[in-house]
Amino acid sequence: MEIVEIGVKLDRDFEYYDALLKSKGLVNDYKVRTHDIYYTNQDLNELSENQMKNACIRLRSCNDSNYKIQNNLINNKFREKEVSATELDQFEHKLFKLGYRKVFDTVKDDYHYYKDGMSSKIQLQQIEDIGLLVYYDNKDYYQFDLEIQRRKLIDELNLYGFNIDYDVLGLDKLRTLYYGKEMYSKNQNG
């Protein structure tokens with residue numbers, strides 16, 4: 001089963017969409033500033049967004065917390081589950097000695113919106129060097145094929161005031177950063 005996630009770049013500012021979602025009865029019930037650093041020892045050329053993500057070790061810090069090691073491709077080499085900011089240079093040095101390189105260093109402000117009856121949250125993400133995106137997937141649609149999932153997600157977002165056409169492609173964050181130009185696809189989880 002493949003899961004579709006919509007990740008559409010928005011053309012207005014955060015305040016506009018925050019007010020729009022609140023006017024539709026949604027509440028911003030979660031806000032976090034996330035710093036992600038990605039390392040890989042693989043060639044990322046021609047990979048999809050999800051393949052790029054899976055080819056990387058990701059360190060994630062939320063609201064200046066320690067960096068949690070996610071997608072640890074070399075878990076037999078390190079006992080660490082997290083790395084403090086003061087230990088980051090030393091940890092990177094270990095990775096570099098194993099043939100890894102830093103490929104992405106991203107910061108985003110992530111806001112989640114929800115109201116009773118929803119089975120998933122709408123996310124607004126203000127991503128440095130990229131812009132404002134809306135991200136959405138819904139477990140109620142996972143049993144459908146990819147195109148039907150995508151259409152249902154767009155229909156639902158439009159019910160909450162967005163104006164997204166079926167033919168609009170989503171922005172792939174990692175591919176955009178990797179190639180230095182906006183890269184698009186139908187599924188940000190694909």
# chains A, B, ... in the order shown; residues from 1 in each chain; ligands from 1
>>> select_by_dssp(residues="region 26-111 of chain A", states="strand (DSSP E)", output="PyMOL selection string")
chain A and resi 27-40+57-62+67-70+82-83+101-111
>>> residues_around(residues="Val107 (chain A)", least_positions_apart="5", cutoff="6 Å", atoms="only C-alpha atoms", output="number ranges by chain")
A: 34-35, 128
>>> atom_distance(atom1="CA of Asn54 (chain A)", atom2="CA of Val4 (chain A)")
16.2 Å
>>> residues_around(residues="Lys68 (chain A)", least_positions_apart="3", cutoff="7 Å", atoms="only C-alpha atoms", output="PyMOL selection string")
chain A and resi 59-61+81-83
>>> closest_atom_pairs(of="region 156-178 of chain A", to="region 115-124 of chain A", cutoff="12 Å", atoms="only C-alpha atoms", output="JSON lines")
{"residue": "A:Glu156", "atom": "CA", "partner": "A:Ile122", "partner_atom": "CA", "distance": 10.1}
{"residue": "A:Leu157", "atom": "CA", "partner": "A:Ile122", "partner_atom": "CA", "distance": 8.2}
{"residue": "A:Asn158", "atom": "CA", "partner": "A:Ile122", "partner_atom": "CA", "distance": 11.8}
{"residue": "A:Tyr160", "atom": "CA", "partner": "A:Ile122", "partner_atom": "CA", "distance": 9.7}
{"residue": "A:Phe162", "atom": "CA", "partner": "A:Ile122", "partner_atom": "CA", "distance": 11.3}
>>> write_last_selection(atoms="C-alpha atoms", output="compact mmCIF listing (two decimals), in the first residue's frame")
# COMPACT_ATOMS: atom_id res chain seq x y z
CA GLU A 156 -10.78 17.85 1.42
CA LEU A 157 -8.25 20.68 1.45
CA ASN A 158 -10.53 22.69 -0.83
CA TYR A 160 -11.26 23.99 4.18
CA PHE A 162 -7.78 26.09 -0.25
>>> residues_around(residues="Arg175 (chain A)", least_positions_apart="4", cutoff="9 Å", atoms="only C-alpha atoms", output="list in words")
Leu44, Leu47, Ser48, Glu49, Met52, Leu171, Tyr179, Gly180, Lys181, Glu182, Met183 and Tyr184 of chain A
>>> write_last_selection(atoms="all heavy atoms", output="compact mmCIF listing (two decimals), in the first residue's frame")
# COMPACT_ATOMS: atom_id res chain seq x y z
N LEU A 44 22.41 10.63 -4.92
CA LEU A 44 20.98 10.96 -4.84
C LEU A 44 20.38 11.34 -6.19
O LEU A 44 19.17 11.59 -6.27
CB LEU A 44 20.77 12.10 -3.83
CG LEU A 44 21.23 11.81 -2.39
CD1 LEU A 44 20.95 13.01 -1.50
CD2 LEU A 44 20.60 10.55 -1.84
N LEU A 47 16.73 10.12 -7.82
CA LEU A 47 15.89 9.49 -6.81
C LEU A 47 14.62 10.31 -6.58
O LEU A 47 14.60 11.52 -6.76
CB LEU A 47 16.64 9.35 -5.48
CG LEU A 47 17.88 8.46 -5.45
CD1 LEU A 47 18.44 8.38 -4.04
CD2 LEU A 47 17.59 7.08 -6.01
N SER A 48 13.56 9.62 -6.17
CA SER A 48 12.33 10.31 -5.79
C SER A 48 12.53 10.98 -4.43
O SER A 48 13.54 10.74 -3.74
CB SER A 48 11.17 9.32 -5.70
OG SER A 48 11.32 8.48 -4.56
N GLU A 49 11.58 11.78 -4.01
CA GLU A 49 11.64 12.45 -2.71
C GLU A 49 11.79 11.42 -1.59
O GLU A 49 12.65 11.54 -0.72
CB GLU A 49 10.37 13.28 -2.51
CG GLU A 49 10.35 14.09 -1.23
CD GLU A 49 11.22 15.33 -1.26
OE1 GLU A 49 11.93 15.59 -2.26
OE2 GLU A 49 11.21 16.06 -0.26
N MET A 52 15.18 9.66 -1.63
CA MET A 52 16.23 10.52 -1.07
C MET A 52 16.19 10.48 0.45
O MET A 52 17.23 10.32 1.11
CB MET A 52 16.06 11.97 -1.54
CG MET A 52 16.67 12.28 -2.85
SD MET A 52 16.66 14.07 -3.13
CE MET A 52 17.38 14.10 -4.76
N LEU A 171 5.40 20.25 -4.28
CA LEU A 171 6.83 20.57 -4.28
C LEU A 171 7.58 19.54 -3.43
O LEU A 171 7.20 19.26 -2.31
CB LEU A 171 7.06 21.97 -3.69
CG LEU A 171 8.50 22.42 -3.76
CD1 LEU A 171 8.66 23.42 -4.88
CD2 LEU A 171 8.96 23.01 -2.46
N TYR A 179 18.74 19.89 -6.14
CA TYR A 179 18.98 20.38 -7.50
C TYR A 179 19.07 21.91 -7.59
O TYR A 179 19.43 22.43 -8.64
CB TYR A 179 17.89 19.87 -8.44
CG TYR A 179 17.96 18.37 -8.67
CD1 TYR A 179 17.03 17.52 -8.11
CD2 TYR A 179 18.99 17.81 -9.42
CE1 TYR A 179 17.09 16.14 -8.31
CE2 TYR A 179 19.07 16.44 -9.62
CZ TYR A 179 18.12 15.61 -9.06
OH TYR A 179 18.20 14.26 -9.24
N GLY A 180 18.72 22.61 -6.50
CA GLY A 180 18.81 24.06 -6.51
C GLY A 180 17.75 24.74 -7.35
O GLY A 180 17.90 25.90 -7.74
N LYS A 181 16.67 24.02 -7.64
CA LYS A 181 15.53 24.58 -8.37
C LYS A 181 14.29 23.81 -7.93
O LYS A 181 14.40 22.67 -7.46
CB LYS A 181 15.71 24.49 -9.88
CG LYS A 181 15.79 23.08 -10.40
CD LYS A 181 15.98 23.05 -11.91
CE LYS A 181 16.01 21.60 -12.42
NZ LYS A 181 16.13 21.53 -13.85
N GLU A 182 13.15 24.44 -8.06
CA GLU A 182 11.92 23.78 -7.60
C GLU A 182 11.65 22.51 -8.39
O GLU A 182 11.65 22.53 -9.62
CB GLU A 182 10.74 24.75 -7.67
CG GLU A 182 10.86 25.85 -6.64
CD GLU A 182 9.63 26.76 -6.53
OE1 GLU A 182 8.73 26.66 -7.40
OE2 GLU A 182 9.59 27.56 -5.58
N MET A 183 11.43 21.42 -7.67
CA MET A 183 11.16 20.12 -8.26
C MET A 183 9.79 19.65 -7.75
O MET A 183 9.49 19.78 -6.56
CB MET A 183 12.23 19.11 -7.86
CG MET A 183 13.64 19.50 -8.28
SD MET A 183 13.90 19.49 -10.06
CE MET A 183 13.91 17.75 -10.40
N TYR A 184 9.00 19.09 -8.64
CA TYR A 184 7.61 18.76 -8.33
C TYR A 184 7.31 17.29 -8.62
O TYR A 184 7.94 16.67 -9.47
CB TYR A 184 6.67 19.63 -9.15
CG TYR A 184 6.80 21.10 -8.87
CD1 TYR A 184 7.68 21.89 -9.60
CD2 TYR A 184 6.06 21.68 -7.87
CE1 TYR A 184 7.82 23.24 -9.34
CE2 TYR A 184 6.18 23.04 -7.59
CZ TYR A 184 7.06 23.81 -8.32
OH TYR A 184 7.18 25.14 -8.06
>>> residues_around(residues="region 11-15 of chain A", least_positions_apart="5", cutoff="12 Å", atoms="only C-alpha atoms", output="list in words")
Leu20, Leu21, Lys22, Asp109, Asp110, Tyr111, Gln123, Leu124, Gln125, Gln126, Ile127, Ile130, Gly131, Leu132, Leu133, Val134, Phe162, Asn163 and Ile164 of chain A
>>> residues_around(residues="Lys139 (chain A)", least_positions_apart="2", cutoff="12 Å", atoms="only C-alpha atoms", output="ChimeraX atom specification")
/A:1-5,118-121,136-137,141-144,149,152-153
>>> select_by_dssp(residues="chain A", states="alpha helix (DSSP H)", output="PyMOL selection string")
chain A and resi 14-23+49-54+88-97+146-159+173-179
>>> atom_distance(atom1="CA of Asp29 (chain A)", atom2="CA of Arg150 (chain A)")
24.8 Å
>>> closest_residue(among="A:Asn41, A:Asn50, A:Thr86, A:Thr176", to="Gly190 (chain A)", atoms="only C-alpha atoms")
A:Asn50
>>> atom_distance(atom1="CA of Arg151 (chain A)", atom2="CA of Tyr166 (chain A)")
6.4 Å
>>> closest_residue(among="A:Ile6, A:Leu88, A:Asn66, A:Val103", to="Glu147 (chain A)", atoms="only C-alpha atoms")
A:Ile6
>>> closest_residue(among="A:Asn63, A:Cys56, A:Thr40, A:Ser84", to="Arg101 (chain A)", atoms="only C-alpha atoms")
A:Thr40
